[in-house]
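Asks: Handing you a structure now.
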Amino acid sequence: MGVEWVLVCHGLVTLLVVISFLCGQWPIFQGTFVERIHYFLTGGFYDYLLRLVDSLCGSRGINAILSVEYFCYHRPNPILQLIYVAILGATYYFAVKSSFSYIPGYYLGGSHRYISLVAVCIGVVLFILTCFSDAGTVNTENVSQYLSAYPYDNILYSEKECSTCRITKPARSKHCSICNRCVARFDHHCGWMNNCIGERNNRFFLAFLLWHFLLCIYGTAAIGLILAGRLVDFKVIHILTVYYGIENSFLSLAPHVVQSLCFWQVFLVTMPTSV
């Protein structure tokens, strides 16, 4: 039962954090704890940390914090890559522990045990391709090719020299201060990938985003079908209509079914599948 409560709490906390981060500045949340969480997430925590370190350790502590900040935000590092792997691994672990015992079920076949694993592996492959493929580095050896491929329009793009690389910058290219290189058709530097996103790996990055979007939809639908199957196993609709006299229609049953799902969340997952 502990695993299921962790999942429920994780979902609620994630929802609160996302709403606070994205919507905390809205007038409707002014003066509420959502606004305070938003401030804490978008800079307040760092300010409090600097004050605490300054009071305890003085300037040496502040310099140490700033050195860590420089490494995390201004130099290539694998921190966010490791966080992604940890999130993916933990999510899949909890999904296996809490849901696989009900596959196959009333609405899901046994093949979804393997389909889910294949889907996660495809996401990992796209992640690796995006992380470790060349984004389109422009150097003295290939700059002429990129100059011919991306000519200047003299409106948005005109001939300029990169002051760091000492080469002519092709149109739509940019020097990345984190990777310390010029990248053709530069989009952005992605900390999650620890790599620039440019001409040669942009397709991998877009495929990664699309696949994880579809993966979220698939996971949500699969969990919904598992819960729906458990409702059938427990004959919830039959109990609501026969014993409680609720009208057998979607509008009448929906709120009661949702209430049953919220109340029975733990029991639906922890009860033996043979019940």
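Identifiers in the structure tokens: chain A, B, ... in order shown; residue index from 1 per chain; ligand index from 1 in order shown.
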Find the spatial neighbours of stretch 82-90 of chain A, counting only C-alpha atoms, within a cut-off of 9 Å - ignore same-chain residues fewer than 4 positions away - and output them as a PDB file with all heavy atoms, in the first residue's frame.
Replies:
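The resulting file, selection29.pdb, is reproduced below:
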ATOM      1  N   PRO A  78      26.604  16.713 -16.716  1.00  0.00           N
ATOM      2  CA  PRO A  78      25.585  15.673 -16.902  1.00  0.00           C
ATOM      3  C   PRO A  78      24.507  15.644 -15.816  1.00  0.00           C
ATOM      4  O   PRO A  78      23.784  14.654 -15.708  1.00  0.00           O
ATOM      5  CB  PRO A  78      26.421  14.389 -16.860  1.00  0.00           C
ATOM      6  CG  PRO A  78      27.495  14.712 -15.864  1.00  0.00           C
ATOM      7  CD  PRO A  78      27.808  16.179 -16.048  1.00  0.00           C
ATOM      8  N   PHE A  94       7.812   2.279 -10.370  1.00  0.00           N
ATOM      9  CA  PHE A  94       6.544   2.387  -9.654  1.00  0.00           C
ATOM     10  C   PHE A  94       5.391   1.866 -10.509  1.00  0.00           C
ATOM     11  O   PHE A  94       4.447   1.264  -9.981  1.00  0.00           O
ATOM     12  CB  PHE A  94       6.289   3.834  -9.240  1.00  0.00           C
ATOM     13  CG  PHE A  94       7.089   4.265  -8.049  1.00  0.00           C
ATOM     14  CD1 PHE A  94       7.909   5.385  -8.097  1.00  0.00           C
ATOM     15  CD2 PHE A  94       7.031   3.552  -6.863  1.00  0.00           C
ATOM     16  CE1 PHE A  94       8.646   5.784  -7.001  1.00  0.00           C
ATOM     17  CE2 PHE A  94       7.769   3.935  -5.750  1.00  0.00           C
ATOM     18  CZ  PHE A  94       8.579   5.051  -5.821  1.00  0.00           C
ATOM     19  N   ALA A  95       5.451   2.107 -11.831  1.00  0.00           N
ATOM     20  CA  ALA A  95       4.401   1.601 -12.717  1.00  0.00           C
ATOM     21  C   ALA A  95       4.390   0.079 -12.723  1.00  0.00           C
ATOM     22  O   ALA A  95       3.327  -0.554 -12.676  1.00  0.00           O
ATOM     23  CB  ALA A  95       4.604   2.145 -14.131  1.00  0.00           C
ATOM     24  N   VAL A 120       9.459   2.669 -23.586  1.00  0.00           N
ATOM     25  CA  VAL A 120      10.442   3.360 -22.748  1.00  0.00           C
ATOM     26  C   VAL A 120      11.833   3.267 -23.365  1.00  0.00           C
ATOM     27  O   VAL A 120      12.589   4.249 -23.383  1.00  0.00           O
ATOM     28  CB  VAL A 120      10.436   2.773 -21.329  1.00  0.00           C
ATOM     29  CG1 VAL A 120      11.611   3.312 -20.513  1.00  0.00           C
ATOM     30  CG2 VAL A 120       9.127   3.092 -20.615  1.00  0.00           C
ATOM     31  N   VAL A 124      14.531   6.191 -24.531  1.00  0.00           N
ATOM     32  CA  VAL A 124      15.925   6.246 -24.094  1.00  0.00           C
ATOM     33  C   VAL A 124      16.858   6.345 -25.305  1.00  0.00           C
ATOM     34  O   VAL A 124      17.843   7.099 -25.286  1.00  0.00           O
ATOM     35  CB  VAL A 124      16.269   5.014 -23.239  1.00  0.00           C
ATOM     36  CG1 VAL A 124      17.766   4.967 -22.936  1.00  0.00           C
ATOM     37  CG2 VAL A 124      15.475   5.030 -21.938  1.00  0.00           C
ATOM     38  N   TRP A 192      19.053  19.475 -20.392  1.00  0.00           N
ATOM     39  CA  TRP A 192      18.639  18.078 -20.206  1.00  0.00           C
ATOM     40  C   TRP A 192      19.429  17.143 -21.102  1.00  0.00           C
ATOM     41  O   TRP A 192      19.645  15.980 -20.764  1.00  0.00           O
ATOM     42  CB  TRP A 192      17.150  17.929 -20.485  1.00  0.00           C
ATOM     43  CG  TRP A 192      16.287  18.583 -19.458  1.00  0.00           C
ATOM     44  CD1 TRP A 192      15.689  19.795 -19.537  1.00  0.00           C
ATOM     45  CD2 TRP A 192      15.950  18.054 -18.166  1.00  0.00           C
ATOM     46  NE1 TRP A 192      15.002  20.069 -18.380  1.00  0.00           N
ATOM     47  CE2 TRP A 192      15.130  19.016 -17.525  1.00  0.00           C
ATOM     48  CE3 TRP A 192      16.250  16.868 -17.498  1.00  0.00           C
ATOM     49  CZ2 TRP A 192      14.617  18.816 -16.243  1.00  0.00           C
ATOM     50  CZ3 TRP A 192      15.735  16.676 -16.228  1.00  0.00           C
ATOM     51  CH2 TRP A 192      14.929  17.636 -15.615  1.00  0.00           C
TER      52      TRP A 192
END
Asks: To test your reading of the structure, identify every residue in stretch 1-234 of chain A that backbone DSSP assigns to strand (DSSP E), and report it as a VMD selection string.
Replies: chain A and resid 137 to 138 160 to 161 168 to 169 174 to 176 181 to 183 188 to 190 195 to 197
Asks: Go ahead and save the picked residues with N, CA and C atoms, as a PDB file, in the first residue's frame.
Replies:
ATOM      1  N   THR A 137      28.428  21.375 -35.577  1.00  0.00           N
ATOM      2  CA  THR A 137      29.540  22.261 -35.235  1.00  0.00           C
ATOM      3  C   THR A 137      30.147  22.877 -36.490  1.00  0.00           C
ATOM      4  N   VAL A 138      30.305  24.192 -36.453  1.00  0.00           N
ATOM      5  CA  VAL A 138      30.923  24.919 -37.567  1.00  0.00           C
ATOM      6  C   VAL A 138      32.375  25.208 -37.197  1.00  0.00           C
ATOM      7  N   LYS A 160      29.009  38.154 -40.609  1.00  0.00           N
ATOM      8  CA  LYS A 160      29.671  38.523 -39.361  1.00  0.00           C
ATOM      9  C   LYS A 160      30.731  37.484 -39.034  1.00  0.00           C
ATOM     10  N   GLU A 161      31.676  37.883 -38.216  1.00  0.00           N
ATOM     11  CA  GLU A 161      32.708  36.957 -37.769  1.00  0.00           C
ATOM     12  C   GLU A 161      32.509  36.627 -36.295  1.00  0.00           C
ATOM     13  N   THR A 168      33.946  33.039 -40.140  1.00  0.00           N
ATOM     14  CA  THR A 168      32.742  33.706 -40.609  1.00  0.00           C
ATOM     15  C   THR A 168      31.515  32.892 -40.193  1.00  0.00           C
ATOM     16  N   LYS A 169      30.540  33.554 -39.600  1.00  0.00           N
ATOM     17  CA  LYS A 169      29.353  32.856 -39.103  1.00  0.00           C
ATOM     18  C   LYS A 169      28.335  32.691 -40.227  1.00  0.00           C
ATOM     19  N   LYS A 174      25.039  30.293 -34.495  1.00  0.00           N
ATOM     20  CA  LYS A 174      25.284  31.058 -33.289  1.00  0.00           C
ATOM     21  C   LYS A 174      26.378  30.383 -32.493  1.00  0.00           C
ATOM     22  N   HIS A 175      27.123  31.192 -31.766  1.00  0.00           N
ATOM     23  CA  HIS A 175      28.157  30.646 -30.884  1.00  0.00           C
ATOM     24  C   HIS A 175      27.541  30.326 -29.536  1.00  0.00           C
ATOM     25  N   CYS A 176      27.699  29.084 -29.086  1.00  0.00           N
ATOM     26  CA  CYS A 176      27.189  28.669 -27.785  1.00  0.00           C
ATOM     27  C   CYS A 176      28.271  28.902 -26.738  1.00  0.00           C
ATOM     28  N   ARG A 181      31.429  26.689 -28.979  1.00  0.00           N
ATOM     29  CA  ARG A 181      31.535  26.343 -30.393  1.00  0.00           C
ATOM     30  C   ARG A 181      30.406  27.031 -31.147  1.00  0.00           C
ATOM     31  N   CYS A 182      30.604  27.231 -32.440  1.00  0.00           N
ATOM     32  CA  CYS A 182      29.546  27.730 -33.304  1.00  0.00           C
ATOM     33  C   CYS A 182      28.726  26.548 -33.817  1.00  0.00           C
ATOM     34  N   VAL A 183      27.412  26.722 -33.846  1.00  0.00           N
ATOM     35  CA  VAL A 183      26.505  25.646 -34.244  1.00  0.00           C
ATOM     36  C   VAL A 183      25.635  26.127 -35.387  1.00  0.00           C
ATOM     37  N   HIS A 188      18.902  26.083 -29.521  1.00  0.00           N
ATOM     38  CA  HIS A 188      19.169  26.437 -28.135  1.00  0.00           C
ATOM     39  C   HIS A 188      20.130  25.403 -27.552  1.00  0.00           C
ATOM     40  N   HIS A 189      20.668  25.717 -26.385  1.00  0.00           N
ATOM     41  CA  HIS A 189      21.448  24.732 -25.636  1.00  0.00           C
ATOM     42  C   HIS A 189      20.525  24.084 -24.623  1.00  0.00           C
ATOM     43  N   CYS A 190      20.379  22.774 -24.702  1.00  0.00           N
ATOM     44  CA  CYS A 190      19.467  22.043 -23.827  1.00  0.00           C
ATOM     45  C   CYS A 190      20.255  21.412 -22.686  1.00  0.00           C
ATOM     46  N   ASN A 195      23.723  19.227 -24.445  1.00  0.00           N
ATOM     47  CA  ASN A 195      24.155  19.373 -25.827  1.00  0.00           C
ATOM     48  C   ASN A 195      23.382  20.519 -26.465  1.00  0.00           C
ATOM     49  N   CYS A 196      23.972  21.107 -27.496  1.00  0.00           N
ATOM     50  CA  CYS A 196      23.245  22.096 -28.280  1.00  0.00           C
ATOM     51  C   CYS A 196      22.238  21.390 -29.184  1.00  0.00           C
ATOM     52  N   ILE A 197      21.183  22.090 -29.529  1.00  0.00           N
ATOM     53  CA  ILE A 197      20.212  21.602 -30.495  1.00  0.00           C
ATOM     54  C   ILE A 197      20.380  22.439 -31.753  1.00  0.00           C
TER      55      ILE A 197
END
Asks: Closest to A:Tyr106 among A:Ile246, A:Ala228, A:Leu156, A:Leu215, using only C-alpha atoms?
Replies: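 Using only C-alpha atoms, A:Tyr106 sits closest to A:Ala228.
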Asks: In Å to one decimal, how far is atom CA of A:Thr91 from atom CA of A:His112?
Replies: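 Separating atom CA of A:His112 from atom CA of A:Thr91 is a distance of 16.2 Å.
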Asks: Which residues, written as a list in words, have at least one atom at most 9 Å from A:Val257, with only C-alpha atoms counted and residues fewer than 5 positions away on the same chain left out?
Replies: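 Counting only the stated atoms, we get Leu231, Val236, Ile237, Leu240 and Cys262 of chain A.
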Asks: Name the residues of stretch 171-231 of chain A that come out as alpha helix (DSSP H) in a backbone DSSP run; write them as a VMD selection string.
Replies: chain A and resid 202 to 231
Asks: Excluding A:Leu41 and its own-chain neighbours fewer than 6 positions away, which residues fall within 10 Å of it when counting only C-alpha atoms? Please give them as a ChimeraX atom specification.
Replies: /A:17,20-21,24,35
Asks: What is the atom CA of A:Ile128-atom CA of A:Met193 distance in Å, reported with one decimal?
Replies: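 According to the coordinates, atom CA of A:Ile128 and atom CA of A:Met193 are separated by 8.3 Å.
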Asks: Report as a count of residues only all protein, DNA and RNA residues lying within 10 Å of A:Asn201, evaluated on only C-alpha atoms, omitting residues in the same chain fewer than 5 positions from it.
Replies: 12
Asks: Write out as a list in words each polymer residue whose atoms come within 12 Å of A:Asp54, counting only C-alpha atoms; drop sequence neighbours fewer than 5 positions from it.
Replies: Asp47, Tyr48, Leu49, Ser59, Arg60, Gly61, Ile62, Asn63, Ala64, Ile65 and Leu66 of chain A
Asks: Atoms to include: C-alpha atoms. Write the selected residues as a PDB file, in the first residue's frame.
Replies:
ATOM      1  CA  ASP A  47      18.159  33.996  -2.254  1.00  0.00           C
ATOM      2  CA  TYR A  48      17.471  32.267   1.072  1.00  0.00           C
ATOM      3  CA  LEU A  49      20.347  29.875   0.443  1.00  0.00           C
ATOM      4  CA  SER A  59      32.443  35.257   1.532  1.00  0.00           C
ATOM      5  CA  ARG A  60      34.216  31.898   1.163  1.00  0.00           C
ATOM      6  CA  GLY A  61      30.883  30.097   1.310  1.00  0.00           C
ATOM      7  CA  ILE A  62      29.344  32.510  -1.202  1.00  0.00           C
ATOM      8  CA  ASN A  63      32.260  31.962  -3.599  1.00  0.00           C
ATOM      9  CA  ALA A  64      31.817  28.205  -3.292  1.00  0.00           C
ATOM     10  CA  ILE A  65      28.100  28.519  -4.108  1.00  0.00           C
ATOM     11  CA  LEU A  66      28.850  30.754  -7.083  1.00  0.00           C
TER      12      LEU A  66
END
